[in-house]
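The data block below is structure28.tsv; it holds TSV, C-alpha atoms.
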```tsv
chain	number	residue	atom	x	y	z
A	254	MET	CA	86.26	83.80	127.85
A	255	ALA	CA	85.10	84.07	124.47
A	256	GLY	CA	82.38	86.44	123.84
A	257	GLU	CA	78.88	87.20	124.79
A	258	ASP	CA	75.59	87.40	122.93
A	259	VAL	CA	73.60	90.24	124.35
A	260	GLU	CA	69.83	90.05	124.15
A	261	ASN	CA	67.83	92.82	125.73
A	262	SER	CA	64.60	91.63	127.22
A	263	GLY	CA	62.46	93.64	129.59
A	264	GLY	CA	65.28	96.00	130.39
A	265	ARG	CA	67.64	93.12	131.34
A	266	ALA	CA	70.51	91.79	129.36
A	267	LYS	CA	71.11	88.09	128.96
A	268	ARG	CA	74.71	87.22	128.24
A	269	ASN	CA	75.39	83.79	126.85
A	270	SER	CA	79.00	82.77	126.83
A	271	ASN	CA	79.35	79.55	124.87
A	272	ARG	CA	83.03	79.38	124.13
A	273	ILE	CA	84.45	76.56	122.09
A	274	ASN	CA	87.35	77.35	119.83
A	275	ASN	CA	90.15	74.98	118.93
A	276	SER	CA	92.48	75.37	115.99
A	277	SER	CA	95.52	73.25	115.32
A	278	GLY	CA	96.08	72.43	118.94
A	279	VAL	CA	95.81	75.78	120.65
A	280	GLY	CA	92.24	76.61	121.30
A	281	TYR	CA	89.82	77.65	123.95
A	282	VAL	CA	86.79	76.11	125.41
A	283	ALA	CA	84.77	77.66	127.83
A	284	SER	CA	81.62	76.51	128.34
A	285	SER	CA	79.02	77.96	130.28
A	286	THR	CA	76.05	80.18	130.17
A	287	TYR	CA	75.38	82.81	132.71
A	288	MET	CA	72.91	85.61	133.27
A	289	THR	CA	73.68	89.00	134.67
A	290	GLU	CA	72.15	92.41	134.60
A	291	ASP	CA	74.15	94.40	132.12
A	292	THR	CA	73.36	97.32	129.91
A	293	GLU	CA	76.66	97.36	128.09
A	294	ASN	CA	77.04	96.01	124.58
A	295	GLN	CA	79.98	94.12	123.23
A	296	TRP	CA	83.02	96.06	122.14
A	297	THR	CA	83.75	96.02	118.44
A	298	SER	CA	86.89	94.00	117.78
A	299	TRP	CA	89.43	95.97	115.76
A	300	LEU	CA	92.75	95.50	117.55
A	301	VAL	CA	93.02	91.75	116.94
A	302	PRO	CA	92.30	92.17	113.19
A	303	MET	CA	94.98	94.90	113.17
A	304	PHE	CA	97.42	92.49	114.82
A	305	VAL	CA	96.67	89.98	112.07
A	306	VAL	CA	97.21	92.60	109.36
A	307	ALA	CA	100.47	93.69	110.99
A	308	ASN	CA	101.80	90.11	111.16
A	309	VAL	CA	100.90	89.50	107.52
A	310	ALA	CA	102.50	92.79	106.46
A	311	VAL	CA	105.71	91.96	108.33
A	312	PHE	CA	105.84	88.53	106.70
A	313	ILE	CA	105.46	90.11	103.25
A	314	MET	CA	108.34	92.44	104.11
A	315	VAL	CA	110.45	89.46	105.20
A	316	MET	CA	109.81	87.72	101.89
A	317	TYR	CA	110.66	90.91	100.01
A	318	PHE	CA	114.09	91.06	101.65
A	319	ASN	CA	114.56	87.30	101.30
A	320	ASN	CA	114.35	87.46	97.46
A	321	CYS	CA	114.74	83.75	96.72
A	322	PRO	CA	115.55	84.12	92.98
A	323	ASN	CA	118.48	86.39	93.78
A	324	ARG	CA	119.72	84.08	96.55
A	325	SER	CA	119.65	81.08	94.22
A	326	ARG	CA	121.96	82.91	91.82
A	327	THR	CA	124.50	83.88	94.49
A	328	ARG	CA	124.80	80.61	96.45
A	329	PRO	CA	124.04	76.90	95.96
A	330	VAL	CA	120.40	75.98	96.58
A	331	VAL	CA	118.94	72.49	96.80
A	332	GLY	CA	115.85	72.69	94.60
A	333	LYS	CA	114.03	75.57	93.01
A	334	CYS	CA	112.19	78.48	94.53
A	335	VAL	CA	108.54	77.67	95.23
A	336	GLY	CA	105.98	79.92	93.57
A	337	ARG	CA	108.42	81.46	91.12
A	338	CYS	CA	105.59	83.47	89.58
A	339	LEU	CA	105.71	85.58	92.75
A	340	GLY	CA	109.13	86.89	91.79
A	341	ARG	CA	111.20	88.07	94.73
A	342	PHE	CA	108.35	87.04	97.06
A	343	SER	CA	108.70	83.36	96.11
A	344	PHE	CA	109.54	80.85	98.85
A	345	GLN	CA	112.73	78.95	99.47
A	346	PRO	CA	112.85	75.31	98.26
A	347	LEU	CA	110.80	73.04	100.52
A	348	ARG	CA	113.88	71.00	101.44
A	349	GLU	CA	115.30	74.16	102.97
A	350	ASN	CA	112.12	75.54	104.55
A	351	PRO	CA	109.03	73.27	104.53
A	352	LEU	CA	106.91	76.05	106.03
A	353	PHE	CA	106.89	78.01	102.74
A	354	GLY	CA	109.00	80.86	103.98
A	355	PRO	CA	112.40	82.59	103.83
A	356	SER	CA	115.89	81.17	103.77
A	357	SER	CA	117.36	78.97	106.47
A	358	SER	CA	120.83	77.61	105.98
A	359	THR	CA	120.66	74.65	108.35
A	360	TYR	CA	117.68	73.30	110.23
A	361	ILE	CA	114.31	74.69	111.18
A	362	PHE	CA	112.71	73.64	114.44
A	363	LEU	CA	109.04	73.06	113.77
A	364	SER	CA	106.01	73.43	116.01
A	365	PRO	CA	102.37	74.35	115.32
A	366	PHE	CA	102.20	76.87	118.18
A	367	LYS	CA	105.50	78.10	119.49
A	368	ASN	CA	108.31	80.50	118.91
A	369	GLU	CA	109.91	78.64	116.03
A	370	CYS	CA	113.63	78.18	116.81
A	371	LEU	CA	116.10	78.29	113.97
A	372	ASP	CA	119.84	77.67	114.15
A	373	PHE	CA	120.43	80.32	111.54
A	374	LEU	CA	117.86	82.38	109.69
A	375	ILE	CA	119.63	85.43	108.32
A	376	VAL	CA	116.66	87.47	107.13
A	377	LEU	CA	114.67	87.07	110.33
A	378	GLN	CA	117.77	87.67	112.43
A	379	LYS	CA	118.33	91.04	110.78
A	380	LEU	CA	114.68	92.01	111.15
A	381	GLY	CA	114.44	91.34	114.90
A	382	ALA	CA	114.43	87.62	115.69
A	383	LEU	CA	115.20	86.62	119.27
A	384	GLN	CA	118.79	85.57	119.94
A	385	TRP	CA	120.56	85.46	123.31
A	386	SER	CA	123.80	87.04	122.12
A	387	LYS	CA	121.99	89.92	120.42
A	388	VAL	CA	119.82	90.63	123.46
A	389	VAL	CA	122.44	90.26	126.21
A	390	VAL	CA	125.82	90.93	124.59
A	391	ASN	CA	124.70	93.57	122.08
A	392	HIS	CA	122.04	95.01	124.40
A	393	GLN	CA	119.26	94.72	121.80
A	394	ALA	CA	116.42	94.25	124.27
A	395	TRP	CA	113.89	95.35	121.65
A	396	ARG	CA	114.18	91.87	120.15
A	397	LEU	CA	112.15	90.56	123.10
A	398	LEU	CA	109.13	92.20	121.45
A	399	THR	CA	109.98	92.29	117.74
A	400	CYS	CA	110.38	88.51	117.55
A	401	ILE	CA	106.64	87.99	118.21
A	402	TRP	CA	105.78	89.73	114.91
A	403	LEU	CA	108.01	87.49	112.77
A	404	HIS	CA	107.13	84.07	111.35
A	405	ALA	CA	109.16	81.35	109.71
A	406	GLY	CA	106.72	80.61	106.89
A	407	VAL	CA	103.18	80.74	105.56
A	408	ILE	CA	102.13	77.64	107.50
A	409	HIS	CA	103.55	79.04	110.74
A	410	LEU	CA	101.86	82.40	110.10
A	411	LEU	CA	98.51	80.87	109.14
A	412	ALA	CA	98.36	78.60	112.20
A	413	ASN	CA	99.16	81.42	114.62
A	414	MET	CA	96.81	83.94	113.01
A	415	LEU	CA	93.88	81.51	112.97
A	416	SER	CA	94.35	80.93	116.68
A	417	LEU	CA	94.67	84.65	117.31
A	418	VAL	CA	91.39	85.28	115.49
A	419	PHE	CA	89.51	82.49	117.28
A	420	ILE	CA	90.79	83.40	120.73
A	421	GLY	CA	91.52	87.11	120.54
A	422	ILE	CA	88.37	88.45	118.89
A	423	ARG	CA	86.11	86.91	121.53
A	424	LEU	CA	88.27	88.29	124.32
A	425	GLU	CA	88.33	91.74	122.77
A	426	GLN	CA	84.56	91.75	122.30
A	427	GLN	CA	83.99	91.16	125.98
A	428	PHE	CA	86.89	93.00	127.60
A	429	GLY	CA	87.91	95.65	125.08
A	430	PHE	CA	91.04	96.39	123.09
A	431	VAL	CA	93.11	97.92	125.92
A	432	ARG	CA	93.12	94.83	128.12
A	433	VAL	CA	93.57	92.40	125.24
A	434	GLY	CA	96.41	94.50	123.82
A	435	ILE	CA	98.18	94.51	127.18
A	436	LEU	CA	97.67	90.77	127.54
A	437	TYR	CA	99.03	90.02	124.07
A	438	LEU	CA	102.13	92.20	124.24
A	439	LEU	CA	103.17	91.45	127.82
A	440	SER	CA	102.59	87.71	127.36
A	441	GLY	CA	104.72	87.70	124.22
A	442	PHE	CA	107.39	89.63	126.13
A	443	GLY	CA	107.23	87.18	129.05
A	444	GLY	CA	107.60	84.23	126.72
A	445	SER	CA	110.64	85.82	125.06
A	446	VAL	CA	112.31	86.53	128.42
A	447	LEU	CA	111.96	82.97	129.71
A	448	SER	CA	113.01	81.51	126.36
A	449	THR	CA	116.17	83.64	126.28
A	450	LEU	CA	117.03	82.68	129.86
A	451	PHE	CA	117.09	78.97	129.06
A	452	ILE	CA	117.94	78.71	125.34
A	453	ARG	CA	121.11	80.33	124.03
A	454	ASN	CA	122.03	78.61	120.78
A	455	SER	CA	118.94	79.17	118.67
A	456	ILE	CA	117.12	82.00	116.98
A	457	SER	CA	113.45	82.34	117.83
A	458	VAL	CA	110.46	83.91	116.09
A	459	GLY	CA	106.69	83.60	116.38
A	460	ALA	CA	103.62	84.79	118.28
A	461	SER	CA	103.04	81.65	120.32
A	462	GLY	CA	104.14	83.18	123.62
A	463	ALA	CA	101.46	85.83	123.20
A	464	LEU	CA	98.88	83.22	122.17
A	465	PHE	CA	99.64	81.06	125.20
A	466	GLY	CA	99.25	84.20	127.28
A	467	LEU	CA	95.71	84.64	126.01
A	468	LEU	CA	95.08	80.98	126.85
A	469	GLY	CA	96.42	81.51	130.37
A	470	ALA	CA	94.25	84.59	130.79
A	471	MET	CA	91.19	82.55	129.87
A	472	LEU	CA	91.96	80.13	132.69
A	473	SER	CA	92.44	82.85	135.29
A	474	GLU	CA	89.30	84.62	134.05
A	475	LEU	CA	87.30	81.46	134.60
A	476	ILE	CA	88.73	81.16	138.12
A	477	THR	CA	88.27	84.77	139.18
A	478	ASN	CA	84.72	84.93	137.75
A	479	TRP	CA	83.85	81.44	138.98
A	480	ASN	CA	80.53	82.33	140.63
A	481	ILE	CA	78.87	83.72	137.50
A	482	TYR	CA	79.29	80.53	135.47
A	483	THR	CA	77.18	77.44	135.22
A	484	ASN	CA	78.72	74.12	134.15
A	485	LYS	CA	81.88	75.20	135.93
A	486	ALA	CA	83.48	71.77	136.12
A	487	SER	CA	82.92	71.08	132.44
A	488	ALA	CA	84.39	74.44	131.44
A	489	LEU	CA	87.45	74.01	133.66
A	490	LEU	CA	88.09	70.40	132.63
A	491	THR	CA	87.89	71.16	128.92
A	492	LEU	CA	90.18	74.15	129.21
A	493	LEU	CA	92.72	72.19	131.26
A	494	VAL	CA	92.75	69.40	128.67
A	495	ILE	CA	93.50	71.91	125.92
A	496	ILE	CA	96.28	73.51	127.96
A	497	ALA	CA	97.81	70.15	128.89
A	498	THR	CA	97.71	68.97	125.27
A	499	ASN	CA	99.55	72.03	124.03
A	500	PHE	CA	102.20	71.82	126.72
A	501	ALA	CA	102.63	68.12	125.92
A	502	ILE	CA	103.44	69.06	122.33
A	503	GLY	CA	106.07	71.38	123.72
A	504	ILE	CA	108.18	68.59	125.23
A	505	LEU	CA	108.88	67.15	121.79
A	506	PRO	CA	112.36	67.85	120.39
A	507	HIS	CA	113.18	71.16	118.69
A	508	ILE	CA	110.29	73.00	120.36
A	509	ASP	CA	110.86	76.03	122.54
A	510	ASN	CA	108.38	75.21	125.29
A	511	PHE	CA	109.93	77.88	127.51
A	512	ALA	CA	108.28	80.53	125.33
A	513	HIS	CA	104.96	78.75	125.88
A	514	ILE	CA	105.47	78.57	129.63
A	515	GLY	CA	106.60	82.17	129.99
A	516	GLY	CA	103.72	83.49	127.92
A	517	PHE	CA	101.18	81.32	129.70
A	518	LEU	CA	102.31	82.31	133.21
A	519	THR	CA	102.34	86.00	132.28
A	520	GLY	CA	98.85	85.81	130.79
A	521	PHE	CA	97.58	83.76	133.72
A	522	LEU	CA	98.63	86.41	136.24
A	523	LEU	CA	97.45	89.28	134.04
A	524	GLY	CA	94.03	87.62	133.76
A	525	PHE	CA	93.47	88.01	137.51
A	526	MET	CA	94.45	91.66	137.22
A	527	LEU	CA	92.61	92.67	134.03
A	528	LEU	CA	89.63	90.35	133.58
A	529	PRO	CA	87.59	90.18	136.82
A	530	LEU	CA	83.89	90.87	136.34
A	531	PRO	CA	81.72	92.70	138.92
A	532	GLN	CA	79.37	90.81	141.20
A	533	LEU	CA	75.97	89.90	139.83
A	534	GLY	CA	73.55	92.73	140.39
A	535	TRP	CA	76.20	95.44	140.41
A	536	GLN	CA	75.50	98.50	138.32
A	537	CYS	CA	77.46	101.66	138.08
A	538	ARG	CA	74.84	103.88	139.72
A	539	ASN	CA	72.68	103.50	142.80
A	540	VAL	CA	73.96	100.00	143.43
A	541	LEU	CA	74.25	100.21	147.18
A	542	VAL	CA	70.66	101.38	147.48
A	543	ARG	CA	69.18	98.80	145.11
A	544	THR	CA	71.18	95.70	145.92
A	545	GLY	CA	72.93	96.31	149.20
A	546	LEU	CA	76.27	95.26	147.72
A	547	LYS	CA	79.18	96.79	149.61
A	548	SER	CA	81.82	96.18	146.98
A	549	LYS	CA	81.96	95.91	143.20
A	550	TYR	CA	84.13	92.79	143.41
A	551	LYS	CA	84.24	89.86	145.77
A	552	PRO	CA	87.00	89.74	148.44
A	553	TYR	CA	88.76	86.78	146.81
A	554	GLN	CA	89.01	88.75	143.55
A	555	TYR	CA	90.89	91.52	145.36
A	556	VAL	CA	93.20	88.96	146.97
A	557	LEU	CA	93.96	87.35	143.60
A	558	TRP	CA	94.57	90.80	142.09
A	559	VAL	CA	97.10	91.79	144.74
A	560	ALA	CA	98.87	88.41	144.66
A	561	SER	CA	99.11	88.54	140.87
A	562	VAL	CA	100.59	92.04	140.87
A	563	VAL	CA	103.25	91.01	143.38
A	564	LEU	CA	104.14	87.80	141.56
A	565	LEU	CA	104.22	89.42	138.13
A	566	VAL	CA	106.39	92.37	139.17
A	567	ALA	CA	108.74	90.13	141.16
A	568	GLY	CA	108.93	87.55	138.37
A	569	PHE	CA	109.71	90.07	135.65
A	570	GLY	CA	112.20	91.88	137.86
A	571	LEU	CA	114.16	88.77	138.80
A	572	ALA	CA	114.07	87.33	135.27
A	573	LEU	CA	115.26	90.54	133.61
A	574	VAL	CA	118.06	91.06	136.13
A	575	ALA	CA	119.25	87.49	135.62
A	576	LEU	CA	118.98	87.78	131.84
A	577	PHE	CA	121.00	90.97	131.47
A	578	ARG	CA	123.60	89.73	133.93
A	579	GLY	CA	124.18	86.93	131.42
A	580	GLU	CA	123.06	84.13	133.72
A	581	ASP	CA	122.02	80.78	132.28
A	582	GLY	CA	118.73	79.56	133.70
A	583	ASN	CA	119.82	75.94	133.31
A	584	GLU	CA	122.58	76.47	135.87
A	585	HIS	CA	119.99	77.33	138.52
A	586	CYS	CA	117.57	74.56	137.55
A	587	SER	CA	119.23	71.32	136.49
A	588	TRP	CA	115.95	69.65	135.50
A	589	CYS	CA	114.20	72.55	133.77
A	590	HIS	CA	115.47	71.54	130.33
A	591	TYR	CA	113.02	68.63	130.49
A	592	LEU	CA	110.20	71.18	130.33
A	593	SER	CA	111.18	71.93	126.75
A	594	CYS	CA	112.34	68.52	125.54
A	595	VAL	CA	112.25	65.00	126.95
A	596	PRO	CA	114.90	62.74	125.32
A	597	THR	CA	113.90	59.25	124.21
A	598	SER	CA	115.46	56.42	122.21
A	599	ARG	CA	114.05	58.06	119.06
A	600	TRP	CA	115.44	61.56	119.53
A	601	GLY	CA	117.83	63.65	121.57
A	602	CYS	CA	117.51	67.22	122.82
A	603	ASP	CA	120.95	68.70	122.20
A	604	ARG	CA	119.69	71.33	119.81
A	605	ASN	CA	117.37	72.84	122.39
A	606	ASN	CA	120.27	73.99	124.61
```

Give the structure from this file in structure tokens form.
Amino acid sequence: MAGEDVENSGGRAKRNSNRINNSSGVGYVASSTYMTEDTENQWTSWLVPMFVVANVAVFIMVMYFNNCPNRSRTRPVVGKCVGRCLGRFSFQPLRENPLFGPSSSTYIFLSPFKNECLDFLIVLQKLGALQWSKVVVNHQAWRLLTCIWLHAGVIHLLANMLSLVFIGIRLEQQFGFVRVGILYLLSGFGGSVLSTLFIRNSISVGASGALFGLLGAMLSELITNWNIYTNKASALLTLLVIIATNFAIGILPHIDNFAHIGGFLTGFLLGFMLLPLPQLGWQCRNVLVRTGLKSKYKPYQYVLWVASVVLLVAGFGLALVALFRGEDGNEHCSWCHYLSCVPTSRWGCDRNN
């Protein structure tokens, strides 16, 4: 669901939706072209650019508090601050943080699109990074949302923001800022909840749960609006390949794939609820007289909407109850840890638990 080019011709609007966006692994393809009578223009995208500005501003604040030159004087540092001309905004030595970001005292878990997990990242921890003990023991549930605005470095920030621009702007142009804002925030929240349920010994930051939610919403949008698309099989196949590729990356070591899964499932269900399009020929006024349509949406769209509401409410309810009761998701699912890391002879997965 990327966007639409609206061309008015003879009082009819032709909407072409040619959607191919792929950046650093997480991207969106959608394919097809469809025609429908529509007098509405595209929304102007402003929320997604504001999200980008907010993420950049928060990262600048993180670097301000990090103050690498001052840290290097108060404790041993391997190497020199990178970009020393930036003063207190300079980055930690690359041996400590190869993402060009703030201080980490042990090991950074790397991934192009994920909630980056860090064993110990003091600055981000203080500013709202996700950590099981802080959320459950200290009752700081706000971290389930604040963590999606924090990033571990310039590379991490740049990768996520490029994907947000490519995916989010097109969605906002077609569906408006309210629905895209709900998708982004609730998907990020869903990713944080599932991550915290299964991973206790790491600190997590990043917008990847929200980004995977937008990707999941694109899939459900394609399904619920199936009849208005041409080249359906091509669109679905391409999108599934992109989704499978990104989840495959998530089973590598030191990647919090639970955040991906939680965000994706949340966005997938929300897509059925927020992104259905009316039947072809439907207009807001005098529709029944002109077209004979009895309903704005098809029956299967209503069924998917109801099922999604039930599953989403039940899923969030059960997950939040289990989380704040201090339950460990791995105790209820002995094989689920393989969803986030598959051990091989080349690596283990101990750090993901």

Could you jot down the atom CA of Ala412 of chain A to atom CA of Phe525 of chain A separation for me, Å, one decimal place?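 Atom CA of Phe525 of chain A lies 27.4 Å from atom CA of Ala412 of chain A.
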
Who sits within 9 Å of Leu377 of chain A, only C-alpha atoms, same chain under 4 positions skipped, as a PyMOL selection string: chain A and resi 315+355-356+373+381-383+400+403-405+456-458

Point out the residue among A:Ser487, A:Phe451, A:Val556, A:His392 with the least atom-to-atom distance to Tyr591 of chain A, counting only C-alpha atoms.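 The answer is A:Phe451, which sits nearest to Tyr591 of chain A.
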
How many Å lie between atom CA of Lys333 of chain A and atom CA of Pro346 of chain A, rounded to one decimal?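 Going from atom CA of Lys333 of chain A over to atom CA of Pro346 of chain A covers 5.4 Å.
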
If you measure from atom CA of Ile481 of chain A to atom CA of Trp299 of chain A, what distance in Å do you get, rounded to one decimal?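 Spanning atom CA of Ile481 of chain A to atom CA of Trp299 of chain A is a straight-line distance of 27.1 Å.
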
Which one of A:Leu398, A:Leu565, A:Val407, A:Met314 sits closest to Leu347 of chain A if you count only C-alpha atoms?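 Closest candidate: A:Val407.
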
Compute the distance from (99.8, 82.8, 113.7) to each atom, counting all atoms listed in the file, keep the residues with any atom at most 10 Å away, and return them as a PyMOL selection string; use the coordinates of the file. chain A and resi 305+308-309+365-367+401-404+406-418+459-461+464

What does the file look like for those residues with C-alpha atoms, as an mmCIF file, in the frame of the given file?
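Saved file out.cif follows:
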```cif
data_model
loop_
_atom_site.group_PDB
_atom_site.id
_atom_site.type_symbol
_atom_site.label_atom_id
_atom_site.label_comp_id
_atom_site.auth_asym_id
_atom_site.auth_seq_id
_atom_site.Cartn_x
_atom_site.Cartn_y
_atom_site.Cartn_z
ATOM 1 C CA VAL A 305 96.670 89.980 112.070
ATOM 2 C CA ASN A 308 101.800 90.110 111.160
ATOM 3 C CA VAL A 309 100.900 89.500 107.520
ATOM 4 C CA PRO A 365 102.370 74.350 115.320
ATOM 5 C CA PHE A 366 102.200 76.870 118.180
ATOM 6 C CA LYS A 367 105.500 78.100 119.490
ATOM 7 C CA ILE A 401 106.640 87.990 118.210
ATOM 8 C CA TRP A 402 105.780 89.730 114.910
ATOM 9 C CA LEU A 403 108.010 87.490 112.770
ATOM 10 C CA HIS A 404 107.130 84.070 111.350
ATOM 11 C CA GLY A 406 106.720 80.610 106.890
ATOM 12 C CA VAL A 407 103.180 80.740 105.560
ATOM 13 C CA ILE A 408 102.130 77.640 107.500
ATOM 14 C CA HIS A 409 103.550 79.040 110.740
ATOM 15 C CA LEU A 410 101.860 82.400 110.100
ATOM 16 C CA LEU A 411 98.510 80.870 109.140
ATOM 17 C CA ALA A 412 98.360 78.600 112.200
ATOM 18 C CA ASN A 413 99.160 81.420 114.620
ATOM 19 C CA MET A 414 96.810 83.940 113.010
ATOM 20 C CA LEU A 415 93.880 81.510 112.970
ATOM 21 C CA SER A 416 94.350 80.930 116.680
ATOM 22 C CA LEU A 417 94.670 84.650 117.310
ATOM 23 C CA VAL A 418 91.390 85.280 115.490
ATOM 24 C CA GLY A 459 106.690 83.600 116.380
ATOM 25 C CA ALA A 460 103.620 84.790 118.280
ATOM 26 C CA SER A 461 103.040 81.650 120.320
ATOM 27 C CA LEU A 464 98.880 83.220 122.170
#
```

Would you list the contacts of Trp296 of chain A as a list of chain:residue names, taking every protein, DNA or RNA residue within 7 Å and counting only C-alpha atoms, but skipping same-chain residues closer than 4 positions in sequence? A:Glu425, A:Gln426, A:Gln427, A:Gly429

Distance query 9 Å from (95.2, 91.4, 142.3) using all atoms listed in the file, result as a PyMOL selection string: chain A and resi 522-523+525-527+554-563

Counting only C-alpha atoms, what is within 10 Å of Cys589 of chain A, bar same-chain residues fewer than 6 positions away, as a ChimeraX atom specification? /A:451,511,582-583

Determine, counting all atoms listed in the file, which protein, DNA and RNA residues have an atom within 6 Å of an atom of segment 437-440 of chain A; residues of the same chain fewer than 3 positions away are not included. Present the result as an mmCIF file with C-alpha atoms, keeping the file's coordinate frame.
```cif
data_model
loop_
_atom_site.group_PDB
_atom_site.id
_atom_site.type_symbol
_atom_site.label_atom_id
_atom_site.label_comp_id
_atom_site.auth_asym_id
_atom_site.auth_seq_id
_atom_site.Cartn_x
_atom_site.Cartn_y
_atom_site.Cartn_z
ATOM 1 C CA GLY A 434 96.410 94.500 123.820
ATOM 2 C CA GLY A 443 107.230 87.180 129.050
ATOM 3 C CA ALA A 463 101.460 85.830 123.200
ATOM 4 C CA GLY A 466 99.250 84.200 127.280
ATOM 5 C CA GLY A 516 103.720 83.490 127.920
ATOM 6 C CA THR A 519 102.340 86.000 132.280
ATOM 7 C CA GLY A 520 98.850 85.810 130.790
#
```

Could you tell me which of A:Phe500, A:Trp588, A:Phe569, A:Phe577 comes closest to Ala394 of chain A if we count all atoms listed in the file?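 When distances to Ala394 of chain A are compared using all atoms listed in the file, the smallest one comes from A:Phe577.
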
Which is closer to Asn478 of chain A than all the others in A:Gly503, A:Gly340, A:Pro529, A:Pro302, using all atoms listed in the file?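 Result for the nearest residue to Asn478 of chain A: A:Pro529.
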
Shell around Ser386 of chain A at 10 Å using all atoms listed in the file, local window under 2 positions removed, as an MDAnalysis selection string: chainID A and resid 383:384 388:393 449 453:456 579

Point out the residue among A:Gly515, A:Gly441, A:Gly524, A:Gly421 with the least atom-to-atom distance to Ala470 of chain A, counting all atoms listed in the file.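 Counting all atoms listed in the file, the residue closest to Ala470 of chain A is A:Gly524.
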